[in-house]
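Chemist: Structure file my_file-v2.txt, compact mmCIF, C-alpha atoms and all ligand atoms, is pasted below:
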# COMPACT_ATOMS: atom_id res chain seq x y z
CA MET J 1 0.00 0.00 0.00
CA GLN J 2 1.40 3.35 -1.05
CA ALA J 3 0.76 5.73 1.86
CA ILE J 4 -0.85 9.08 1.10
CA TYR J 5 1.41 11.88 2.20
CA LEU J 6 -0.40 14.77 3.88
CA ASP J 7 2.52 16.13 5.87
CA HIS J 8 4.16 18.68 3.54
CA ALA J 9 4.56 21.17 6.39
CA ALA J 10 6.96 18.68 8.01
CA THR J 11 8.92 18.18 4.84
CA THR J 12 8.32 17.87 1.11
CA PRO J 13 9.39 15.36 -1.53
CA ILE J 14 12.28 16.61 -3.62
CA HIS J 15 11.24 17.93 -7.05
CA PRO J 16 12.70 15.72 -9.82
CA ASP J 17 14.35 18.72 -11.53
CA VAL J 18 15.94 19.69 -8.21
CA LEU J 19 17.28 16.19 -7.71
CA LYS J 20 18.90 16.34 -11.15
CA VAL J 21 20.67 19.58 -10.26
CA VAL J 22 21.89 18.19 -6.92
CA VAL J 23 23.29 15.01 -8.46
CA GLU J 24 24.83 16.82 -11.42
CA THR J 25 26.51 19.34 -9.11
CA MET J 26 27.85 16.60 -6.85
CA GLU J 27 29.16 14.60 -9.78
CA GLU J 28 30.59 17.33 -11.92
CA HIS J 29 31.29 20.34 -9.75
CA PHE J 30 32.79 19.03 -6.56
CA GLY J 31 35.32 21.83 -6.16
CA ASN J 32 35.66 23.89 -3.00
CA PRO J 33 34.33 27.40 -3.72
CA SER J 34 37.27 28.85 -1.76
CA SER J 35 39.85 27.24 -4.08
CA VAL J 36 41.40 29.50 -6.69
CA HIS J 37 41.73 26.86 -9.43
CA SER J 38 39.14 26.10 -12.08
CA TYR J 39 37.27 23.52 -9.97
CA GLY J 40 36.89 26.04 -7.19
CA ARG J 41 35.93 28.83 -9.55
CA LYS J 42 33.13 26.72 -11.07
CA ALA J 43 31.76 25.90 -7.59
CA ARG J 44 31.98 29.61 -6.69
CA GLN J 45 30.01 30.49 -9.82
CA ILE J 46 27.26 28.06 -8.84
CA LEU J 47 27.16 29.54 -5.36
CA ASP J 48 27.06 33.13 -6.63
CA LYS J 49 24.22 32.33 -9.00
CA ALA J 50 22.24 30.58 -6.25
CA ARG J 51 22.76 33.56 -3.95
CA MET J 52 21.36 35.89 -6.62
CA THR J 53 18.34 33.61 -7.07
CA ALA J 54 17.69 33.53 -3.31
CA ALA J 55 18.11 37.31 -2.99
CA LYS J 56 15.85 38.09 -5.95
CA SER J 57 13.08 35.92 -4.53
CA ILE J 58 12.67 38.26 -1.52
CA GLY J 59 13.68 41.58 -3.10
CA ALA J 60 17.09 41.63 -1.39
CA SER J 61 20.69 42.05 -2.45
CA ASP J 62 22.86 38.95 -2.86
CA LYS J 63 25.29 40.27 -0.23
CA ASP J 64 22.54 39.99 2.37
CA ILE J 65 21.97 36.25 2.00
CA ILE J 66 23.72 33.82 4.35
CA PHE J 67 23.36 30.18 3.41
CA THR J 68 22.85 27.96 6.44
CA SER J 69 22.12 24.30 7.21
CA GLY J 70 18.40 25.09 7.30
CA GLY J 71 15.69 26.95 9.16
CA THR J 72 16.85 25.99 12.64
CA GLU J 73 20.34 27.33 12.15
CA ALA J 74 19.01 30.51 10.53
CA ASP J 75 16.63 31.15 13.47
CA ASN J 76 19.40 30.44 15.99
CA LEU J 77 21.80 32.75 14.19
CA ALA J 78 19.21 35.52 14.00
CA LEU J 79 18.27 35.43 17.67
CA ILE J 80 21.56 34.61 19.33
CA GLY J 81 23.72 36.50 16.81
CA VAL J 82 21.67 39.70 17.13
CA ALA J 83 21.32 39.44 20.92
CA GLU J 84 25.07 39.03 21.40
CA ALA J 85 26.04 41.81 19.04
CA ASN J 86 23.57 44.35 20.45
CA LYS J 87 23.99 43.83 24.19
CA ASN J 88 25.17 47.41 24.54
CA LYS J 89 21.78 48.67 23.29
CA GLY J 90 19.61 46.60 25.62
CA ASN J 91 18.76 43.10 26.75
CA HIS J 92 15.09 42.76 25.86
CA ILE J 93 13.76 40.46 23.15
CA ILE J 94 10.15 39.99 22.08
CA THR J 95 8.85 36.85 20.41
CA THR J 96 5.60 34.87 20.51
CA LYS J 97 4.31 31.78 22.30
CA ILE J 98 3.64 30.03 18.99
CA GLU J 99 7.08 30.16 17.35
CA HIS J 100 8.84 27.05 16.12
CA HIS J 101 11.13 25.53 18.75
CA ALA J 102 14.12 26.72 16.71
CA THR J 103 13.17 30.22 17.86
CA LEU J 104 11.66 29.38 21.26
CA HIS J 105 14.59 27.30 22.45
CA ALA J 106 17.08 29.92 21.24
CA ALA J 107 15.10 32.53 23.21
CA GLU J 108 15.16 30.29 26.29
CA LYS J 109 18.93 29.93 26.00
CA LEU J 110 19.20 33.72 25.90
CA GLU J 111 16.97 34.03 28.96
CA LYS J 112 19.35 31.73 30.85
CA GLU J 113 22.14 34.10 29.88
CA GLY J 114 20.36 37.07 31.42
CA TYR J 115 18.34 38.46 28.52
CA HIS J 116 14.76 39.37 29.26
CA VAL J 117 12.30 37.75 26.83
CA THR J 118 8.62 38.61 26.36
CA TYR J 119 6.52 35.86 24.77
CA LEU J 120 3.48 37.46 23.15
CA ASP J 121 0.11 35.74 23.48
CA VAL J 122 -2.01 34.91 20.48
CA GLN J 123 -5.73 35.39 20.20
CA GLU J 124 -8.09 32.48 19.58
CA ASN J 125 -7.75 33.10 15.84
CA GLY J 126 -4.00 32.41 16.13
CA THR J 127 -2.67 35.92 15.48
CA ILE J 128 -0.80 38.22 17.82
CA ASP J 129 -2.34 41.46 19.03
CA ILE J 130 -0.35 44.41 17.68
CA GLU J 131 -1.40 46.46 20.72
CA GLN J 132 0.26 43.93 23.04
CA LEU J 133 3.41 44.13 20.97
CA LYS J 134 3.31 47.93 21.10
CA ALA J 135 2.86 47.85 24.87
CA SER J 136 5.73 45.38 25.30
CA LEU J 137 8.33 47.48 23.46
CA THR J 138 10.81 49.26 25.72
CA ASP J 139 13.97 51.30 25.20
CA ASP J 140 15.84 48.07 25.91
CA THR J 141 14.18 46.01 23.17
CA ILE J 142 16.80 44.96 20.63
CA LEU J 143 14.95 42.29 18.65
CA VAL J 144 11.40 41.29 17.77
CA SER J 145 10.94 37.84 16.23
CA VAL J 146 7.49 36.90 14.90
CA MET J 147 6.95 34.06 12.44
CA MET J 148 5.20 34.80 9.13
CA VAL J 149 3.11 31.63 8.99
CA ASN J 150 2.60 29.17 11.82
CA ASN J 151 3.71 25.63 10.99
CA GLU J 152 0.86 23.93 12.89
CA THR J 153 -2.13 26.03 11.87
CA GLY J 154 -1.04 27.89 8.73
CA VAL J 155 -2.19 31.16 10.33
CA ILE J 156 -0.56 34.26 8.79
CA GLN J 157 0.77 36.93 11.18
CA PRO J 158 0.48 40.69 10.46
CA ILE J 159 4.10 41.05 9.38
CA GLU J 160 3.66 44.28 7.42
CA ALA J 161 2.00 46.00 10.40
CA ILE J 162 4.80 44.84 12.72
CA GLY J 163 7.41 46.12 10.25
CA GLN J 164 5.71 49.51 10.21
CA LEU J 165 5.44 49.62 13.98
CA LEU J 166 9.15 48.88 14.40
CA GLU J 167 10.34 51.29 11.75
CA GLN J 168 10.96 54.05 14.31
CA HIS J 169 12.28 51.70 17.00
CA GLN J 170 15.86 50.50 17.49
CA ALA J 171 14.71 46.84 17.62
CA TYR J 172 15.53 44.70 14.63
CA PHE J 173 12.69 42.68 13.16
CA HIS J 174 13.22 38.99 12.41
CA THR J 175 10.61 36.77 10.82
CA ASP J 176 10.73 33.01 10.39
CA ALA J 177 9.26 32.65 6.90
CA VAL J 178 9.87 28.90 6.58
CA GLN J 179 6.19 28.05 6.12
CA ALA J 180 5.36 31.16 4.08
CA TYR J 181 8.13 31.08 1.53
CA GLY J 182 7.07 29.85 -1.90
CA LEU J 183 3.40 30.35 -1.05
CA LEU J 184 3.13 34.04 -0.18
CA PRO J 185 4.84 36.89 -2.04
CA ILE J 186 7.68 38.22 0.13
CA ASN J 187 9.58 41.47 -0.28
CA VAL J 188 11.82 42.35 2.66
CA LYS J 189 11.83 46.05 1.82
CA GLU J 190 8.07 46.33 1.61
CA LEU J 191 7.65 44.31 4.79
CA LYS J 192 10.42 46.28 6.53
CA VAL J 193 11.97 43.07 7.80
CA ASP J 194 15.61 43.07 8.95
CA LEU J 195 16.17 39.33 9.16
CA LEU J 196 14.25 36.51 7.48
CA THR J 197 14.57 32.71 7.71
CA VAL J 198 13.95 30.26 4.84
CA SER J 199 14.38 26.48 4.63
CA SER J 200 14.88 24.48 1.44
CA HIS J 201 13.19 21.20 2.35
CA LYS J 202 9.79 22.84 2.74
CA ILE J 203 9.77 23.87 -0.92
CA ASN J 204 10.75 20.58 -2.55
CA GLY J 205 14.44 21.28 -2.16
CA PRO J 206 17.06 19.14 -0.39
CA LYS J 207 17.26 18.93 3.39
CA GLY J 208 20.04 20.53 5.39
CA VAL J 209 20.08 23.87 3.58
CA GLY J 210 18.39 27.22 4.05
CA PHE J 211 19.22 30.89 4.26
CA LEU J 212 19.04 33.85 6.58
CA TYR J 213 18.48 37.26 5.01
CA VAL J 214 20.20 39.96 7.03
CA HIS J 215 19.81 43.68 6.27
CA PRO J 216 23.26 45.27 5.80
CA ASP J 217 22.77 47.57 8.82
CA VAL J 218 22.13 44.72 11.25
CA LYS J 219 24.87 43.96 13.75
CA MET J 220 25.13 40.23 14.27
CA THR J 221 27.85 37.94 15.60
CA ALA J 222 28.68 34.62 13.90
CA GLN J 223 27.89 31.49 15.87
CA GLN J 224 30.64 29.39 14.30
CA TYR J 225 34.36 29.98 14.13
CA GLY J 226 36.45 28.98 11.16
CA GLY J 227 36.99 30.29 7.67
CA GLU J 228 35.78 33.39 5.91
CA GLN J 229 32.81 31.88 4.09
CA GLU J 230 29.51 33.78 3.92
CA ARG J 231 31.40 37.00 4.68
CA LYS J 232 32.59 35.52 7.98
CA ARG J 233 29.02 35.33 9.23
CA ARG J 234 28.74 31.56 8.78
CA PRO J 235 32.10 29.86 8.33
CA GLY J 236 32.42 26.35 6.89
CA THR J 237 32.78 24.93 3.39
CA GLU J 238 29.50 25.58 1.63
CA ASN J 239 27.03 22.80 0.77
CA VAL J 240 27.37 23.58 -2.94
CA ALA J 241 25.17 20.79 -4.31
CA GLY J 242 22.49 21.42 -1.69
CA ILE J 243 22.56 25.14 -2.37
CA ALA J 244 22.38 24.57 -6.14
CA GLY J 245 19.34 22.32 -5.61
CA PHE J 246 17.80 24.87 -3.26
CA ALA J 247 18.19 27.56 -5.95
CA LYS J 248 16.44 25.32 -8.47
CA ALA J 249 13.62 24.73 -5.97
CA ILE J 250 13.34 28.51 -5.47
CA GLU J 251 13.03 29.05 -9.22
CA ILE J 252 10.32 26.41 -9.53
CA ALA J 253 8.45 27.74 -6.47
CA ALA J 254 8.53 31.29 -7.84
CA GLU J 255 7.34 30.27 -11.32
CA LYS J 256 4.33 28.35 -10.02
CA GLN J 257 3.45 30.24 -6.84
CA GLN J 258 -0.05 31.34 -7.83
CA GLU J 259 -0.87 28.07 -9.50
CA ARG J 260 0.17 26.06 -6.44
CA MET J 261 -1.79 28.25 -4.04
CA GLN J 262 -4.91 27.66 -6.15
CA GLN J 263 -4.24 23.95 -6.36
CA TYR J 264 -3.77 23.57 -2.59
CA LYS J 265 -6.89 25.60 -1.93
CA HIS J 266 -8.74 23.17 -4.19
CA TYR J 267 -7.27 20.16 -2.34
CA ARG J 268 -8.23 21.65 1.00
CA THR J 269 -11.81 22.22 -0.21
CA LEU J 270 -12.05 18.68 -1.58
CA PHE J 271 -10.65 17.26 1.66
CA LEU J 272 -13.07 19.20 3.86
CA GLU J 273 -16.07 18.46 1.62
CA GLN J 274 -15.34 14.77 1.86
CA LEU J 275 -14.97 14.98 5.65
CA GLU J 276 -18.36 16.73 5.86
CA LYS J 277 -19.88 13.80 3.99
CA SER J 278 -18.66 11.34 6.60
CA ALA J 279 -20.86 12.97 9.23
CA ILE J 280 -18.22 13.28 11.91
CA ASP J 281 -17.76 16.09 14.37
CA PHE J 282 -14.78 18.32 13.56
CA SER J 283 -13.71 21.95 13.59
CA ILE J 284 -10.87 23.85 11.97
CA ASN J 285 -8.40 25.65 14.23
CA GLY J 286 -7.67 29.24 13.23
CA THR J 287 -10.65 29.65 10.90
CA GLU J 288 -11.17 33.28 11.81
CA SER J 289 -7.85 34.43 10.39
CA GLU J 290 -5.98 34.46 7.12
CA ARG J 291 -4.24 31.15 6.51
CA VAL J 292 -2.04 29.59 3.85
CA ALA J 293 -3.92 27.12 1.67
CA ASN J 294 -1.68 24.10 2.13
CA ILE J 295 -2.18 23.60 5.89
CA VAL J 296 -5.38 22.72 7.69
CA ASN J 297 -5.42 21.93 11.41
CA ILE J 298 -8.50 19.98 12.46
CA SER J 299 -9.83 19.20 15.91
CA PHE J 300 -11.74 15.92 16.30
CA PRO J 301 -13.73 16.08 19.57
CA GLY J 302 -13.73 12.80 21.47
CA ALA J 303 -10.50 11.53 19.90
CA ASN J 304 -6.86 11.94 20.88
CA VAL J 305 -3.80 12.60 18.80
CA GLU J 306 -1.93 9.39 19.58
CA GLN J 307 -4.90 7.19 18.69
CA LEU J 308 -5.62 9.18 15.54
CA LEU J 309 -2.08 9.24 14.21
CA THR J 310 -1.53 5.53 14.86
CA ASN J 311 -4.76 4.59 13.11
CA PHE J 312 -4.09 6.97 10.21
CA ASP J 313 -0.67 5.44 9.77
CA LEU J 314 -2.06 1.90 9.78
CA SER J 315 -4.47 2.97 7.02
CA GLY J 316 -1.72 4.60 4.99
CA ILE J 317 -2.31 8.25 5.85
CA ALA J 318 0.75 10.29 6.81
CA ALA J 319 -0.24 13.36 8.84
CA SER J 320 1.04 14.90 12.05
CA SER J 321 0.31 17.11 15.01
CA GLY J 322 2.06 19.64 17.17
CA SER J 323 1.37 17.53 20.21
CA ALA J 324 4.22 15.29 21.23
CA CYS J 325 3.39 11.68 22.05
CA THR J 326 5.76 10.31 24.65
CA ALA J 327 5.42 6.95 26.35
CA GLY J 328 1.65 6.72 26.26
CA SER J 329 0.87 10.31 27.15
CA VAL J 330 0.19 13.25 24.88
CA GLU J 331 1.94 16.56 25.47
CA PRO J 332 -0.43 19.28 24.29
CA SER J 333 0.56 21.43 21.33
CA HIS J 334 2.15 24.70 22.54
CA VAL J 335 0.58 26.52 19.61
CA LEU J 336 -2.98 25.37 20.29
CA THR J 337 -2.45 25.90 24.03
CA ALA J 338 -1.57 29.52 23.29
CA MET J 339 -4.71 29.85 21.14
CA PHE J 340 -7.24 28.04 23.32
CA SER J 341 -5.71 27.90 26.83
CA GLU J 342 -4.27 24.93 28.73
CA ASN J 343 -6.69 22.01 29.25
CA ASN J 344 -8.76 22.74 26.12
CA PRO J 345 -9.35 19.37 24.37
CA CYS J 346 -8.32 20.91 21.02
CA THR J 347 -4.71 20.89 22.23
CA THR J 348 -4.65 17.08 22.28
CA ASN J 349 -7.20 16.09 19.63
CA SER J 350 -6.01 18.12 16.64
CA ILE J 351 -4.25 16.91 13.52
CA ARG J 352 -2.39 18.91 10.90
CA PHE J 353 -2.95 17.90 7.29
CA SER J 354 -0.72 19.64 4.77
CA PHE J 355 -0.90 19.40 1.00
CA GLY J 356 1.77 19.56 -1.68
CA LEU J 357 3.61 17.86 -4.51
CA ALA J 358 2.69 14.33 -3.40
CA ASN J 359 -1.03 15.02 -3.76
CA ASN J 360 -3.66 14.88 -6.47
CA GLU J 361 -7.44 15.14 -6.37
CA GLU J 362 -7.84 11.40 -6.09
CA ASN J 363 -5.51 10.76 -3.18
CA VAL J 364 -6.81 13.78 -1.27
CA VAL J 365 -10.39 12.48 -1.50
CA THR J 366 -9.31 8.91 -0.63
CA ALA J 367 -7.41 10.21 2.39
CA ALA J 368 -10.43 12.18 3.59
CA GLU J 369 -12.66 9.12 3.22
CA LYS J 370 -10.26 7.07 5.34
CA VAL J 371 -9.90 9.85 7.92
CA GLY J 372 -13.70 10.07 8.16
CA GLN J 373 -14.05 6.32 8.68
CA ILE J 374 -11.32 6.21 11.33
CA VAL J 375 -12.66 9.17 13.28
CA GLN J 376 -16.16 7.71 13.14
CA ARG J 377 -14.88 4.42 14.53
CA LEU J 378 -12.78 6.03 17.28
CA THR J 379 -15.42 8.44 18.50
CA LYS J 380 -18.42 6.10 18.37
C1 LIG A 401 8.30 27.57 11.07
C2 LIG A 401 9.53 26.72 11.04
N1 LIG A 401 10.71 27.25 11.40
C3 LIG A 401 11.83 26.54 11.39
C4 LIG A 401 11.85 25.23 11.01
C5 LIG A 401 13.14 24.47 11.02
O1 LIG A 401 13.65 24.32 9.72
P1 LIG A 401 14.72 23.17 9.40
O2 LIG A 401 13.98 21.87 9.43
O3 LIG A 401 15.21 23.51 8.02
O4 LIG A 401 15.79 23.25 10.42
C6 LIG A 401 10.64 24.62 10.62
C7 LIG A 401 10.61 23.19 10.26
O5 LIG A 401 9.70 22.47 10.61
C8 LIG A 401 9.45 25.39 10.63
O6 LIG A 401 8.28 24.86 10.29
Reformat the file's structure so that it appears as structure tokens.
Ligand SMILES: Cc1ncc(COP(=O)(O)O)c(C=O)c1O

Modeler:
Amino acid sequence: MQAIYLDHAATTPIHPDVLKVVVETMEEHFGNPSSVHSYGRKARQILDKARMTAAKSIGASDKDIIFTSGGTEADNLALIGVAEANKNKGNHIITTKIEHHATLHAAEKLEKEGYHVTYLDVQENGTIDIEQLKASLTDDTILVSVMMVNNETGVIQPIEAIGQLLEQHQAYFHTDAVQAYGLLPINVKELKVDLLTVSSHKINGPKGVGFLYVHPDVKMTAQQYGGEQERKRRPGTENVAGIAGFAKAIEIAAEKQQERMQQYKHYRTLFLEQLEKSAIDFSINGTESERVANIVNISFPGANVEQLLTNFDLSGIAASSGSACTAGSVEPSHVLTAMFSENNPCTTNSIRFSFGLANNEENVVTAAEKVGQIVQRLTK
């Protein structure tokens, strides 16, 4: 049985054209971009071209792109690098309760080191309240980090409004755009964003590669020590084949952005229509706000995540949740807890379904049929 993959927010299958570029680069252009000979120069050319592609995709300059090992490293570098380099201006950082752990755990590390961190609440619709952000800003605030799209719910945060609010403030503005990139148009100048995180494996690129955009005025310390790569901001021999594949994935994502958004919207509609037909009780988390089309987070009253995911898997449905299942107990999702409060059943009975390259109309409908049958059985 070929399982139906509905977990594209976790990771995506590599696009065949991207795979070709990765393999070709590994086979034919294995030089070290720092070498001065022809092998090195060819690898450097590939890297330079990829950097231009990445920069163009967000309206930035190629000098402002730092290739990293993915979204986690980019988030870590943004938070820790900015905090360390701007200690003299203050020790206050603002982020949200619903960030990815790459941001949250970096913020917690900084707290242990004496920084003061404010974790903004979210409303029941999943978005932050700009007024709370405004009220939290102090003369000591050096960084605000708010994700563009939440990875569990697909809810879009008011990034443009935050950018405008921070324009007159010393605090730099970082956004984790991992789940937005390739689906929403992004221009760092228009959004007034100073730092922005992107990951390749969420857009049908290879794993282990991403980038951090950093505005040229931002002071940031490197978190690794070594060579002079990435303008000394991220030393280490570059992942040339991965970066070349990432650039190809960026090109494909940019070309088909509108088309894919429409297609995922269609899949989501088909999926939900089919669920309605199965006469089960369910509700969508974050319905009241703007969301990306490829993620839908559904609460199934009377069920629990562990049961649901195990039964889905046995029936060949690959989905996931933000709740962590450990040794028979379910840790509630931190995102849904922030939206609905602690003990709300939604935090332990919700599943994230996310659409993408591995889907078509037929497998989306089949998956919904199976989900409906399983939920019916489990909640009888
Ligand atoms: C919003 C968000 N940020 C960061 C990451 C981490 O990215 P990576 O897997 O490339 O380290 C993820 C991955 O799940 C994510 O969804």

Chemist: Excluding range 271-276 of chain J and any residue of its chain fewer than 5 positions from it, enumerate the residues within 6 Å of it, using all atoms listed in the file, and give them as a PDB file with C-alpha atoms, in the coordinates of the input.

Modeler:
ATOM      1  CA  VAL J 364      -6.810  13.780  -1.270  1.00  0.00           C
ATOM      2  CA  VAL J 365     -10.390  12.480  -1.500  1.00  0.00           C
ATOM      3  CA  ALA J 368     -10.430  12.180   3.590  1.00  0.00           C
ATOM      4  CA  GLY J 372     -13.700  10.070   8.160  1.00  0.00           C
TER       5      GLY J 372
END

Chemist: What lies within 12 Å of range 310-316 of chain J using all atoms listed in the file, ignoring chain neighbours under 5 positions off, as a PyMOL selection string?

Modeler: chain J and resi 1-7+303-305+321+325+328+351+353+363+366-378

Chemist: With distances taken over only C-alpha atoms, which of J:Ile203, J:Leu309, J:Val214, J:Met261 is nearest to Thr12 in chain J?

Modeler: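 Closest to Thr12 in chain J, using only C-alpha atoms: J:Ile203.
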
Chemist: Nearest to ligand LIG 401 (chain A) among J:His37, J:Lys42, J:Lys219, J:His105, with distances taken over all atoms listed in the file: which residue is it?

Modeler: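 Under the stated criterion, the closest residue is J:His105.
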
Chemist: Given the choices J:Ala74, J:Ala83, J:Ile243, J:Ile94, which gets closest to ligand LIG 401 (chain A) if the distance is worked out from all atoms listed in the file?

Modeler: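 Once distances to ligand LIG 401 (chain A) are computed over all atoms listed in the file, the minimum belongs to J:Ala74.
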
Chemist: For Ala161 in chain J, list every protein, DNA or RNA residue within 9 Å, evaluated using all atoms listed in the file, and leave out those in the same chain fewer than 4 positions away; present the list as a ChimeraX atom specification.

Modeler: /J:130,165-166,191
